[in-house]
Each structure stands twice: as C-alpha cells, then as structure tokens.
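What's in entry_39.tsv: TSV, C-alpha atoms
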```
chain	number	residue	atom	x	y	z
I	28	MET	CA	-77.83	-122.38	-50.72
I	29	LEU	CA	-76.17	-122.50	-47.31
I	30	LYS	CA	-78.58	-123.06	-44.44
I	31	TRP	CA	-77.57	-121.16	-41.34
I	32	GLY	CA	-79.56	-123.41	-39.01
I	33	MET	CA	-81.47	-120.44	-37.55
I	34	GLU	CA	-84.33	-118.16	-38.48
I	35	GLU	CA	-82.82	-115.80	-41.03
I	36	LYS	CA	-84.36	-112.68	-39.50
I	37	SER	CA	-82.66	-113.39	-36.17
I	38	VAL	CA	-79.22	-113.92	-37.68
I	39	TYR	CA	-76.59	-111.20	-37.90
I	40	ASP	CA	-74.38	-111.11	-40.96
I	41	SER	CA	-71.47	-110.34	-38.64
I	42	VAL	CA	-70.80	-110.17	-34.94
I	43	ILE	CA	-67.75	-107.98	-34.41
I	44	ILE	CA	-65.94	-108.60	-31.13
I	45	GLY	CA	-64.03	-105.53	-29.94
I	46	SER	CA	-64.65	-101.80	-30.20
I	47	GLY	CA	-61.17	-100.45	-30.96
I	48	PRO	CA	-60.04	-99.14	-34.37
I	49	ALA	CA	-60.12	-102.61	-35.96
I	50	GLY	CA	-63.60	-103.54	-34.80
I	51	LEU	CA	-65.22	-100.17	-35.44
I	52	THR	CA	-63.68	-99.81	-38.90
I	53	ALA	CA	-64.92	-103.30	-39.76
I	54	ALA	CA	-68.38	-102.25	-38.58
I	55	ILE	CA	-68.34	-99.16	-40.83
I	56	TYR	CA	-67.56	-101.25	-43.90
I	57	GLN	CA	-70.06	-103.96	-42.99
I	58	ILE	CA	-72.98	-101.59	-42.52
I	59	ARG	CA	-72.12	-99.69	-45.70
I	60	ALA	CA	-72.44	-103.04	-47.49
I	61	ASN	CA	-75.96	-103.33	-46.01
I	62	LEU	CA	-74.96	-106.18	-43.71
I	63	LYS	CA	-76.70	-106.65	-40.38
I	64	THR	CA	-73.94	-106.00	-37.87
I	65	VAL	CA	-73.47	-105.81	-34.12
I	66	VAL	CA	-70.35	-104.79	-32.17
I	67	ILE	CA	-69.60	-106.30	-28.77
I	68	ALA	CA	-67.78	-103.49	-26.94
I	69	GLY	CA	-65.67	-105.60	-24.55
I	70	ASN	CA	-64.14	-104.65	-21.21
I	71	GLN	CA	-62.38	-101.56	-22.59
I	72	PRO	CA	-64.74	-99.83	-25.02
I	73	GLY	CA	-62.63	-97.95	-27.52
I	74	GLY	CA	-59.56	-100.09	-26.98
I	75	GLN	CA	-56.05	-99.03	-26.03
I	76	LEU	CA	-56.37	-95.53	-27.47
I	77	THR	CA	-58.60	-94.61	-24.55
I	78	ILE	CA	-55.52	-94.60	-22.30
I	79	THR	CA	-53.54	-92.39	-24.70
I	80	THR	CA	-53.73	-88.69	-23.84
I	81	LEU	CA	-53.11	-87.23	-27.31
I	82	VAL	CA	-53.05	-88.98	-30.67
I	83	ASP	CA	-51.18	-87.04	-33.33
I	84	ASN	CA	-50.19	-89.87	-35.70
I	85	TYR	CA	-53.71	-90.69	-36.93
I	86	PRO	CA	-54.36	-88.93	-40.26
I	87	GLY	CA	-56.96	-86.20	-40.49
I	88	PHE	CA	-56.31	-84.29	-37.25
I	89	PRO	CA	-53.87	-81.43	-37.89
I	90	THR	CA	-53.37	-80.63	-34.19
I	91	GLY	CA	-53.93	-84.15	-32.90
I	92	ILE	CA	-56.92	-85.51	-30.99
I	93	GLY	CA	-57.44	-86.99	-27.57
I	94	GLY	CA	-57.47	-90.78	-27.58
I	95	VAL	CA	-60.81	-90.97	-25.76
I	96	LYS	CA	-62.41	-88.41	-28.07
I	97	LEU	CA	-61.17	-90.21	-31.20
I	98	MET	CA	-62.71	-93.48	-30.10
I	99	MET	CA	-65.94	-91.91	-28.85
I	100	ASP	CA	-66.30	-90.08	-32.18
I	101	MET	CA	-65.67	-93.33	-34.01
I	102	GLN	CA	-68.35	-95.06	-31.94
I	103	THR	CA	-70.78	-92.24	-32.68
I	104	GLN	CA	-70.03	-92.56	-36.39
I	105	VAL	CA	-70.70	-96.30	-36.24
I	106	ARG	CA	-73.98	-95.82	-34.38
I	107	ASN	CA	-75.08	-93.05	-36.78
I	108	LEU	CA	-74.59	-95.46	-39.68
I	109	GLY	CA	-76.95	-97.90	-37.97
I	110	VAL	CA	-74.66	-100.39	-36.27
I	111	GLU	CA	-75.77	-101.79	-32.92
I	112	ILE	CA	-73.14	-101.66	-30.15
I	113	LYS	CA	-73.72	-103.99	-27.23
I	114	GLN	CA	-71.92	-103.72	-23.92
I	115	GLY	CA	-70.54	-107.01	-22.73
I	116	LEU	CA	-67.82	-109.64	-22.92
I	117	VAL	CA	-67.67	-112.71	-25.12
I	118	GLN	CA	-67.19	-116.03	-23.39
I	119	THR	CA	-66.75	-118.21	-26.47
I	120	ILE	CA	-67.79	-118.83	-30.08
I	121	GLU	CA	-69.63	-122.02	-31.05
I	122	LYS	CA	-70.56	-123.52	-34.38
I	123	ALA	CA	-74.30	-123.17	-34.84
I	124	GLU	CA	-76.60	-126.10	-35.43
I	125	GLY	CA	-77.20	-126.88	-39.06
I	126	ASN	CA	-74.82	-126.36	-41.95
I	127	GLY	CA	-73.16	-123.14	-40.95
I	128	GLY	CA	-73.02	-120.02	-38.87
I	129	PHE	CA	-71.97	-119.34	-35.31
I	130	ARG	CA	-73.33	-118.68	-31.86
I	131	VAL	CA	-71.41	-115.97	-30.00
I	132	ILE	CA	-71.93	-116.58	-26.29
I	133	LEU	CA	-71.61	-113.60	-23.93
I	134	THR	CA	-70.61	-113.94	-20.29
I	135	ASP	CA	-74.15	-113.02	-19.22
I	136	GLY	CA	-75.51	-116.02	-21.14
I	137	THR	CA	-76.78	-114.10	-24.17
I	138	ALA	CA	-76.30	-116.00	-27.45
I	139	LEU	CA	-76.06	-114.13	-30.76
I	140	ALA	CA	-76.50	-115.98	-34.05
I	141	SER	CA	-74.26	-114.85	-36.90
I	142	LYS	CA	-73.11	-115.91	-40.34
I	143	THR	CA	-69.60	-114.59	-39.69
I	144	VAL	CA	-67.53	-113.35	-36.77
I	145	ILE	CA	-64.78	-110.71	-36.82
I	146	VAL	CA	-62.43	-110.74	-33.82
I	147	GLY	CA	-60.84	-107.34	-33.14
I	148	THR	CA	-60.11	-107.60	-29.43
I	149	GLY	CA	-56.63	-106.07	-29.57
I	150	ALA	CA	-53.96	-106.53	-26.94
I	151	GLN	CA	-53.07	-105.10	-23.58
I	152	ALA	CA	-49.71	-103.93	-22.33
I	153	ARG	CA	-48.37	-106.17	-19.59
I	154	TRP	CA	-48.11	-103.91	-16.55
I	155	LEU	CA	-45.93	-104.08	-13.46
I	156	GLY	CA	-48.85	-104.06	-11.03
I	157	ILE	CA	-47.19	-101.66	-8.60
I	158	PRO	CA	-48.64	-98.77	-6.53
I	159	GLY	CA	-49.16	-95.58	-8.52
I	160	GLU	CA	-48.91	-97.23	-11.94
I	161	LYS	CA	-52.62	-97.38	-12.67
I	162	GLU	CA	-53.33	-94.01	-11.07
I	163	LEU	CA	-50.73	-92.24	-13.25
I	164	LEU	CA	-51.49	-94.05	-16.49
I	165	GLY	CA	-51.61	-91.37	-19.18
I	166	LYS	CA	-49.99	-88.90	-16.78
I	167	GLY	CA	-46.43	-90.02	-17.35
I	168	VAL	CA	-46.93	-93.78	-17.27
I	169	SER	CA	-47.22	-95.29	-20.74
I	170	GLY	CA	-47.04	-98.61	-22.53
I	171	CYS	CA	-46.35	-97.19	-26.00
I	172	ALA	CA	-43.27	-95.14	-26.90
I	173	THR	CA	-44.50	-94.52	-30.45
I	174	CYS	CA	-47.75	-93.09	-29.09
I	175	ASP	CA	-46.38	-90.90	-26.31
I	176	GLY	CA	-42.66	-90.37	-26.83
I	177	MET	CA	-42.89	-86.89	-28.31
I	178	PHE	CA	-44.53	-85.57	-25.13
I	179	PHE	CA	-41.24	-86.09	-23.28
I	180	ARG	CA	-38.95	-83.82	-25.25
I	181	ASN	CA	-35.92	-82.81	-23.17
I	182	LYS	CA	-37.20	-84.78	-20.19
I	183	VAL	CA	-35.79	-87.68	-18.19
I	184	ILE	CA	-37.39	-90.95	-19.31
I	185	THR	CA	-37.29	-94.37	-17.67
I	186	VAL	CA	-37.98	-97.61	-19.55
I	187	VAL	CA	-38.58	-100.94	-17.81
I	188	GLY	CA	-37.78	-104.22	-19.56
I	189	GLY	CA	-35.00	-106.25	-21.11
I	190	GLY	CA	-36.35	-107.70	-24.35
I	191	ASP	CA	-36.51	-106.46	-27.91
I	192	THR	CA	-39.43	-104.12	-27.23
I	193	ALA	CA	-37.69	-102.45	-24.29
I	194	CYS	CA	-34.50	-101.92	-26.28
I	195	GLU	CA	-36.38	-100.61	-29.30
I	196	GLU	CA	-38.41	-98.21	-27.16
I	197	ALA	CA	-35.37	-96.95	-25.25
I	198	VAL	CA	-33.55	-96.17	-28.51
I	199	PHE	CA	-36.67	-94.54	-29.96
I	200	LEU	CA	-37.19	-92.42	-26.83
I	201	SER	CA	-33.59	-91.23	-26.96
I	202	ARG	CA	-34.68	-89.02	-29.86
I	203	PHE	CA	-36.82	-87.02	-27.45
I	204	GLY	CA	-35.55	-87.30	-23.90
I	205	SER	CA	-32.55	-85.55	-22.40
I	206	GLU	CA	-31.69	-88.87	-20.77
I	207	VAL	CA	-33.13	-92.38	-21.01
I	208	ARG	CA	-32.62	-94.99	-18.31
I	209	LEU	CA	-33.34	-98.63	-19.03
I	210	LEU	CA	-34.11	-100.62	-15.89
I	211	HIS	CA	-33.77	-104.39	-16.10
I	212	ARG	CA	-34.25	-106.84	-13.26
I	213	ARG	CA	-31.47	-109.12	-14.53
I	214	GLU	CA	-27.82	-108.50	-15.42
I	215	THR	CA	-28.15	-109.54	-19.05
I	216	LEU	CA	-30.65	-108.45	-21.69
I	217	ARG	CA	-33.05	-110.89	-23.34
I	218	ALA	CA	-33.09	-108.90	-26.60
I	219	THR	CA	-31.49	-110.07	-29.84
I	220	GLN	CA	-27.86	-109.19	-30.38
I	221	THR	CA	-28.88	-106.68	-33.05
I	222	GLU	CA	-31.16	-104.80	-30.67
I	223	GLN	CA	-28.60	-104.95	-27.85
I	224	LYS	CA	-25.90	-103.52	-30.11
I	225	ARG	CA	-28.18	-100.68	-31.21
I	226	LEU	CA	-29.01	-99.91	-27.60
I	227	LEU	CA	-25.41	-99.95	-26.38
I	228	GLU	CA	-24.40	-97.63	-29.21
I	229	THR	CA	-27.00	-95.02	-28.16
I	230	PRO	CA	-25.17	-92.50	-25.92
I	231	LYS	CA	-28.27	-91.12	-24.20
I	232	VAL	CA	-29.31	-94.52	-22.83
I	233	LYS	CA	-28.01	-95.66	-19.45
I	234	ILE	CA	-28.70	-99.25	-18.33
I	235	MET	CA	-29.39	-99.98	-14.68
I	236	TRP	CA	-28.96	-103.71	-14.05
I	237	ASN	CA	-30.69	-105.85	-11.40
I	238	THR	CA	-33.13	-103.02	-10.80
I	239	GLU	CA	-36.86	-103.28	-10.19
I	240	VAL	CA	-39.50	-100.57	-9.87
I	241	LYS	CA	-41.54	-100.83	-6.69
I	242	GLU	CA	-43.72	-97.70	-6.86
I	243	VAL	CA	-44.59	-94.75	-9.09
I	244	ILE	CA	-44.75	-91.47	-7.20
I	245	GLY	CA	-46.61	-88.31	-8.20
I	246	LYS	CA	-49.81	-86.38	-7.63
I	247	ASP	CA	-51.01	-85.19	-11.02
I	248	LYS	CA	-48.08	-86.57	-13.03
I	249	VAL	CA	-45.10	-88.85	-12.58
I	250	GLU	CA	-42.45	-87.22	-10.44
I	251	SER	CA	-40.27	-90.11	-9.33
I	252	ILE	CA	-40.10	-93.87	-8.90
I	253	LYS	CA	-39.05	-96.06	-6.01
I	254	ILE	CA	-36.48	-98.60	-7.18
I	255	PHE	CA	-34.90	-101.70	-5.68
I	256	ASN	CA	-31.59	-103.38	-6.48
I	257	ASN	CA	-32.27	-107.09	-6.13
I	258	GLN	CA	-28.56	-107.90	-5.61
I	259	THR	CA	-27.70	-105.37	-2.91
I	260	ASN	CA	-31.26	-105.02	-1.49
I	261	GLU	CA	-30.75	-101.26	-1.68
I	262	GLU	CA	-33.88	-99.13	-2.11
I	263	SER	CA	-33.85	-95.58	-3.42
I	264	THR	CA	-36.02	-92.96	-5.08
I	265	MET	CA	-35.15	-91.74	-8.55
I	266	ALA	CA	-36.63	-88.66	-10.20
I	267	THR	CA	-38.12	-89.17	-13.67
I	268	ASP	CA	-40.65	-87.48	-15.90
I	269	GLY	CA	-41.95	-90.58	-17.64
I	270	LEU	CA	-42.13	-94.32	-17.06
I	271	PHE	CA	-42.52	-96.55	-20.11
I	272	VAL	CA	-43.38	-100.15	-19.28
I	273	ALA	CA	-42.06	-102.48	-21.99
I	274	ILE	CA	-42.32	-105.96	-20.54
I	275	GLY	CA	-44.52	-107.37	-23.26
I	276	ARG	CA	-48.04	-107.24	-24.59
I	277	VAL	CA	-50.82	-109.76	-24.10
I	278	PRO	CA	-53.25	-110.35	-26.98
I	279	GLU	CA	-56.86	-110.58	-25.83
I	280	THR	CA	-57.47	-114.03	-27.28
I	281	ALA	CA	-57.97	-116.37	-24.30
I	282	PHE	CA	-61.67	-116.73	-25.13
I	283	VAL	CA	-60.88	-118.22	-28.58
I	284	LYS	CA	-57.94	-120.45	-27.63
I	285	ASP	CA	-60.09	-123.56	-28.16
I	286	VAL	CA	-61.87	-122.12	-31.20
I	287	VAL	CA	-59.23	-120.94	-33.68
I	288	GLU	CA	-55.53	-121.61	-34.13
I	289	LEU	CA	-53.23	-119.30	-32.19
I	290	LYS	CA	-49.53	-118.51	-32.56
I	291	GLU	CA	-47.03	-119.26	-29.81
I	292	GLN	CA	-47.51	-115.88	-28.08
I	293	GLY	CA	-51.30	-116.07	-28.28
I	294	HIS	CA	-51.92	-113.99	-31.41
I	295	ILE	CA	-54.58	-115.31	-33.80
I	296	LYS	CA	-53.20	-117.03	-36.87
I	297	THR	CA	-54.54	-115.70	-40.19
I	298	LYS	CA	-53.41	-115.77	-43.85
I	299	ILE	CA	-54.31	-119.44	-44.03
I	300	ASP	CA	-56.52	-119.08	-47.12
I	301	PRO	CA	-54.85	-116.70	-49.62
I	302	ARG	CA	-58.26	-115.70	-50.97
I	303	PHE	CA	-59.26	-114.32	-47.56
I	304	PRO	CA	-56.08	-113.09	-45.81
I	305	THR	CA	-57.85	-112.12	-42.58
I	306	MET	CA	-59.67	-115.43	-42.16
I	307	THR	CA	-58.61	-117.67	-39.28
I	308	SER	CA	-58.29	-121.46	-39.20
I	309	VAL	CA	-62.11	-121.61	-38.96
I	310	PRO	CA	-63.88	-120.55	-42.18
I	311	GLY	CA	-66.22	-117.69	-41.40
I	312	ILE	CA	-64.22	-116.36	-38.45
I	313	PHE	CA	-61.97	-113.42	-39.30
I	314	ALA	CA	-59.52	-111.42	-37.17
I	315	ALA	CA	-57.84	-108.01	-37.34
I	316	GLY	CA	-55.81	-105.58	-35.26
I	317	ASP	CA	-53.46	-106.18	-32.37
I	318	CYS	CA	-54.94	-109.59	-31.55
I	319	VAL	CA	-53.26	-110.64	-34.82
I	320	ASP	CA	-50.48	-108.08	-35.27
I	321	GLU	CA	-47.19	-108.87	-33.50
I	322	THR	CA	-45.15	-106.18	-35.26
I	323	TYR	CA	-46.73	-102.78	-35.88
I	324	ARG	CA	-49.28	-102.35	-33.09
I	325	GLN	CA	-50.59	-99.02	-34.40
I	326	ALA	CA	-54.16	-97.73	-34.56
I	327	ILE	CA	-53.95	-96.86	-38.24
I	328	VAL	CA	-52.76	-100.39	-39.06
I	329	ALA	CA	-55.55	-101.92	-36.96
I	330	ALA	CA	-58.13	-99.78	-38.76
I	331	GLY	CA	-56.80	-100.91	-42.14
I	332	GLU	CA	-56.89	-104.55	-41.08
I	333	GLY	CA	-60.45	-104.07	-39.82
I	334	CYS	CA	-61.42	-102.82	-43.27
I	335	LYS	CA	-59.80	-105.90	-44.85
I	336	ALA	CA	-61.61	-108.25	-42.46
I	337	ALA	CA	-64.98	-106.69	-43.30
I	338	LEU	CA	-64.36	-106.97	-47.04
I	339	ASP	CA	-63.12	-110.56	-46.67
I	340	ALA	CA	-66.18	-111.49	-44.62
I	341	GLU	CA	-68.50	-109.94	-47.21
I	342	ARG	CA	-66.83	-111.79	-50.10
I	343	TRP	CA	-66.81	-115.06	-48.14
I	344	MET	CA	-70.55	-114.80	-47.47
I	345	MET	CA	-71.21	-114.16	-51.15
I	346	GLU	CA	-69.37	-117.38	-52.01
I	347	GLN	CA	-71.53	-119.39	-49.63
```
For the file at hand, write its structure as structure tokens.
Amino acid sequence: MLKWGMEEKSVYDSVIIGSGPAGLTAAIYQIRANLKTVVIAGNQPGGQLTITTLVDNYPGFPTGIGGVKLMMDMQTQVRNLGVEIKQGLVQTIEKAEGNGGFRVILTDGTALASKTVIVGTGAQARWLGIPGEKELLGKGVSGCATCDGMFFRNKVITVVGGGDTACEEAVFLSRFGSEVRLLHRRETLRATQTEQKRLLETPKVKIMWNTEVKEVIGKDKVESIKIFNNQTNEESTMATDGLFVAIGRVPETAFVKDVVELKEQGHIKTKIDPRFPTMTSVPGIFAAGDCVDETYRQAIVAAGEGCKAALDAERWMMEQ
C-alpha cells in the first residue's frame, strides 16, 4: 500500500489548481467519486469566461448566458456538491515526504497535502497594454473572435496581430463584419503561407502595414482607436466598433516550469503515459484546459478535458 507520508485525514485526494471550466468540471467528477477535493481559485476566479459578455456556444443555454453568470453558477454547483473552494494563488508544487503525494504551496505560505494534483490554470490573452484597453474589455475589446465575433454583425472590426491567430481571426470575423481591418506593426506577416493566402483571398479584409494601436477610445463601448504608422510617424484616429487583440496567448504555467515538462510555448506536456492521457511528466500530476491546449481554446473543450483529468486521477490512485 502506498504511504503518502502524511496523516491520511489531512490529505486531499486532489488539489485542483484553477477555477475555470477545466478545474470546476474536474472538481464535479472528483466529488461525485467521493474523493476529498479542494479547488484553488487563482487570480481570476472563473477563468477567461468572466471577461466574455455573452456565451452562446456552450450547450444547454438556448438564448445564451453571461460569461460571469455561467462561471458563478458552475462554482455554486461545485460548492453544493461539497467541494471546498479556496481563494489564493499557488506558488509551487513539491513532492511530499515519504513514498508519494504532493505539497501544494500557496503564495501566503499555506501548504496543502494531496495524493494528486490537477492543473487547470488556463491561459491569458496577451494584451497591448494601452490606455482604454482594460476599461473597454468586454465592451468592444476582445481576445477571442470565436467567443465574440457574432456580436459584430455588419460592424467595422479591427484585428491587431500578424501571426496565424490574427489571420485566422480576421478571416473568421469577415463572416460577420461589414469590414475587417488587420493592423500589423511590420510590413510582412509572420503567419504561415497557407494562412496568409487565405487572408489575402478574403475581400472584406484590409491590411494596414507598419501600424500600431496607441489607445482605445470610447465611453461605454469602443468608438475609435488612435493609431500610429511607425514608418511615417503619422498619428490618426480611426473609427471602429470592435478591437480584437490577437498577438498571442500566454499559458498560466510559470509556477510549474520547474515541476513538470513544458512545451516550447509554455503549455504543459501531457499524453506521456497512454494509460492516463492527461497525466504530466510527473506521475500523479494531471493537467487540462488551455494550459495544455494550443489548438482549440474553447470552454467546452476545457470542460471535457477537466472530466478526463478527474477520471485519470481517480484511476491512477486506484492503481497505487
């Protein structure tokens, strides 16, 4: 029998790090399996959906649901099932003394003992850091075309970026907007040739080269942006209804960079053991959601992966 190196009554079966769709779904499955579970909420309780005004691509809501309400309802569901949700941030994960288990260390010094850990910390859009951007987030400023594109039907849309994501989002948004402008600070795109070709063949998209956004202007919604041509030094104001920032996403994995194996862009590497597809390079530590996913980045996918991580963790514990 595996010794966890700690008093059994003080040990959680799982500490789940992150309170977005991945983490909360994992918690639901863990508690339904009668496993002692705690969720560490993180610095953005509810995850990225809390900055999405309306979610209408999550099954079960015929007229859509507000992003904040969806995540608050999910947290209430988790609490009603008996899961503890702690506010706080995780500093690191350590192997516990003895033959197994982990110590999850919070930034306030609290240490939680656990047999397994599920990391569901998600990712954050990389923002421009300009005046008005934060204030108008969810009011015309967005980091997700799939989430918010349909709210800009027949409107003028601006996309910032020059990589694959920016090109993909500009083409996607052309289905909705009357006009899409892609602003790139260089004079060549960084996207693959396939994505560039698709973009250039989309009539609604106009590319503005060597152009940077300096400010987002609007009171209750985006009305215009202040732009700067870095070749001519010309500044101007351009009217727009929406600003989509597509300059990359940053997985929230810095706290585990010395704990588990990461991919080049910082996403957690899984699928190492085919028996437990969500397990990381460290047996007993599992991961799910956008901190793993480089491709889909959707709430419904994160929830599904959270379910898988919980089931994998349960089966792994049974084997021990």
Q: Work out how far CA of Lys231 (chain I) is from CA of Lys248 (chain I), in Å to one decimal.
A: 23.2 Å
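When CA of Asp40 (chain I) is paired with CA of Ala337 (chain I), their separation reads 10.6 Å.
Of note, CA of Gly245 (chain I) and CA of Met265 (chain I) are spaced 12.0 Å apart.
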Q. Could you pull the residues within 10 Å of region 79-92 of chain I, counting all atoms listed in the file, minus those fewer than 2 positions along the same chain, as a PyMOL selection string?
A. chain I and resi 75-77+94-98+164-167+169-171+173-175+177-178+325-328
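Of the residues listed (I:Ala53, I:Leu210, I:Ile78, I:Ile44), I:Ala53 shows the shortest atom-to-atom separation from Ala329 (chain I); distances use all atoms listed in the file.
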Extract, using only C-alpha atoms, all DNA, RNA and protein residues at most 6 Å from Val187 (chain I), discarding same-chain residues fewer than 3 positions from it, and format them as a PDB file with C-alpha atoms, keeping the file's coordinate frame.
```
ATOM      1  CA  LEU I 209     -33.340 -98.630 -19.030  1.00  0.00           C
ATOM      2  CA  LEU I 210     -34.110-100.620 -15.890  1.00  0.00           C
ATOM      3  CA  VAL I 272     -43.380-100.150 -19.280  1.00  0.00           C
ATOM      4  CA  ALA I 273     -42.060-102.480 -21.990  1.00  0.00           C
TER       5      ALA I 273
END
```
Q) Which of these, I:Val240, I:Ile55, I:Leu226, I:Val117, has the shortest distance to Thr148 (chain I) once you count all atoms listed in the file? A) I:Val117
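Of the listed residues (I:Met101, I:Leu116, I:Ala49, I:Val168), I:Ala49 comes nearest to Ala150 (chain I); the distances count only C-alpha atoms.
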Q. Using only C-alpha atoms, can you list as a ChimeraX atom specification the residues within 10 Å of (-35.8, -96.7, -23.1)?
A. /I:172,184-189,192-201,204,206-210,226,231-234,270-273
Around region 303-318 of chain I, fit a box with edges along x, y and z, padding it by 5 Å on each side, then list its centre and edge lengths in Å to one decimal as JSON.
```
{"center_x": -59.8, "center_y": -113.6, "center_z": -39.6, "size_x": 22.8, "size_y": 26.0, "size_z": 26.0}
```
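The residue that comes closest to Ala218 (chain I), out of I:Leu163, I:Ile274, I:Val286, I:Leu338 and on the basis of all atoms listed in the file, is I:Ile274.
Across I:Phe282, I:Lys246, I:Lys253, I:Leu62, the tightest approach to Ile132 (chain I) is made by I:Phe282 when counting all atoms listed in the file.
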Fewer than 5 positions away in the same chain doesn't count, so skip those; otherwise give me all residues within 12 Å of Thr297 (chain I), counting only C-alpha atoms, as a PDB file with C-alpha atoms, in the coordinates of the input.
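Saved as selection.pdb:
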```pdb
ATOM      1  CA  ILE I 145     -64.780-110.710 -36.820  1.00  0.00           C
ATOM      2  CA  VAL I 146     -62.430-110.740 -33.820  1.00  0.00           C
ATOM      3  CA  VAL I 287     -59.230-120.940 -33.680  1.00  0.00           C
ATOM      4  CA  GLU I 288     -55.530-121.610 -34.130  1.00  0.00           C
ATOM      5  CA  LEU I 289     -53.230-119.300 -32.190  1.00  0.00           C
ATOM      6  CA  LYS I 290     -49.530-118.510 -32.560  1.00  0.00           C
ATOM      7  CA  ARG I 302     -58.260-115.700 -50.970  1.00  0.00           C
ATOM      8  CA  PHE I 303     -59.260-114.320 -47.560  1.00  0.00           C
ATOM      9  CA  PRO I 304     -56.080-113.090 -45.810  1.00  0.00           C
ATOM     10  CA  THR I 305     -57.850-112.120 -42.580  1.00  0.00           C
ATOM     11  CA  MET I 306     -59.670-115.430 -42.160  1.00  0.00           C
ATOM     12  CA  THR I 307     -58.610-117.670 -39.280  1.00  0.00           C
ATOM     13  CA  SER I 308     -58.290-121.460 -39.200  1.00  0.00           C
ATOM     14  CA  VAL I 309     -62.110-121.610 -38.960  1.00  0.00           C
ATOM     15  CA  PRO I 310     -63.880-120.550 -42.180  1.00  0.00           C
ATOM     16  CA  GLY I 311     -66.220-117.690 -41.400  1.00  0.00           C
ATOM     17  CA  ILE I 312     -64.220-116.360 -38.450  1.00  0.00           C
ATOM     18  CA  PHE I 313     -61.970-113.420 -39.300  1.00  0.00           C
ATOM     19  CA  ALA I 314     -59.520-111.420 -37.170  1.00  0.00           C
ATOM     20  CA  ALA I 315     -57.840-108.010 -37.340  1.00  0.00           C
ATOM     21  CA  GLY I 316     -55.810-105.580 -35.260  1.00  0.00           C
ATOM     22  CA  CYS I 318     -54.940-109.590 -31.550  1.00  0.00           C
ATOM     23  CA  VAL I 319     -53.260-110.640 -34.820  1.00  0.00           C
ATOM     24  CA  ASP I 320     -50.480-108.080 -35.270  1.00  0.00           C
ATOM     25  CA  GLU I 332     -56.890-104.550 -41.080  1.00  0.00           C
ATOM     26  CA  ALA I 336     -61.610-108.250 -42.460  1.00  0.00           C
ATOM     27  CA  ASP I 339     -63.120-110.560 -46.670  1.00  0.00           C
TER      28      ASP I 339
END
```
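When only C-alpha atoms are used to measure the gap to Gly269 (chain I), the shortest distance among I:Val249, I:Met235, I:Ser141, I:Gly128 belongs to I:Val249.
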Q.
Please list, as JSON, numbers by chain, the residues that have an atom at most 12 Å away from (-74.0, -97.5, -38.9) in the coordinates of this file, counting all atoms listed in the file.
A. {"I": [51, 52, 53, 54, 55, 56, 57, 58, 59, 60, 61, 62, 63, 64, 65, 66, 101, 102, 103, 104, 105, 106, 107, 108, 109, 110, 111, 112]}
Using C-alpha atoms, can you export the residues from the last selection as an mmCIF file, in the coordinates of the input?
```cif
data_model
loop_
_atom_site.group_PDB
_atom_site.id
_atom_site.type_symbol
_atom_site.label_atom_id
_atom_site.label_comp_id
_atom_site.auth_asym_id
_atom_site.auth_seq_id
_atom_site.Cartn_x
_atom_site.Cartn_y
_atom_site.Cartn_z
ATOM 1 C CA LEU I 51 -65.220 -100.170 -35.440
ATOM 2 C CA THR I 52 -63.680 -99.810 -38.900
ATOM 3 C CA ALA I 53 -64.920 -103.300 -39.760
ATOM 4 C CA ALA I 54 -68.380 -102.250 -38.580
ATOM 5 C CA ILE I 55 -68.340 -99.160 -40.830
ATOM 6 C CA TYR I 56 -67.560 -101.250 -43.900
ATOM 7 C CA GLN I 57 -70.060 -103.960 -42.990
ATOM 8 C CA ILE I 58 -72.980 -101.590 -42.520
ATOM 9 C CA ARG I 59 -72.120 -99.690 -45.700
ATOM 10 C CA ALA I 60 -72.440 -103.040 -47.490
ATOM 11 C CA ASN I 61 -75.960 -103.330 -46.010
ATOM 12 C CA LEU I 62 -74.960 -106.180 -43.710
ATOM 13 C CA LYS I 63 -76.700 -106.650 -40.380
ATOM 14 C CA THR I 64 -73.940 -106.000 -37.870
ATOM 15 C CA VAL I 65 -73.470 -105.810 -34.120
ATOM 16 C CA VAL I 66 -70.350 -104.790 -32.170
ATOM 17 C CA MET I 101 -65.670 -93.330 -34.010
ATOM 18 C CA GLN I 102 -68.350 -95.060 -31.940
ATOM 19 C CA THR I 103 -70.780 -92.240 -32.680
ATOM 20 C CA GLN I 104 -70.030 -92.560 -36.390
ATOM 21 C CA VAL I 105 -70.700 -96.300 -36.240
ATOM 22 C CA ARG I 106 -73.980 -95.820 -34.380
ATOM 23 C CA ASN I 107 -75.080 -93.050 -36.780
ATOM 24 C CA LEU I 108 -74.590 -95.460 -39.680
ATOM 25 C CA GLY I 109 -76.950 -97.900 -37.970
ATOM 26 C CA VAL I 110 -74.660 -100.390 -36.270
ATOM 27 C CA GLU I 111 -75.770 -101.790 -32.920
ATOM 28 C CA ILE I 112 -73.140 -101.660 -30.150
#
```
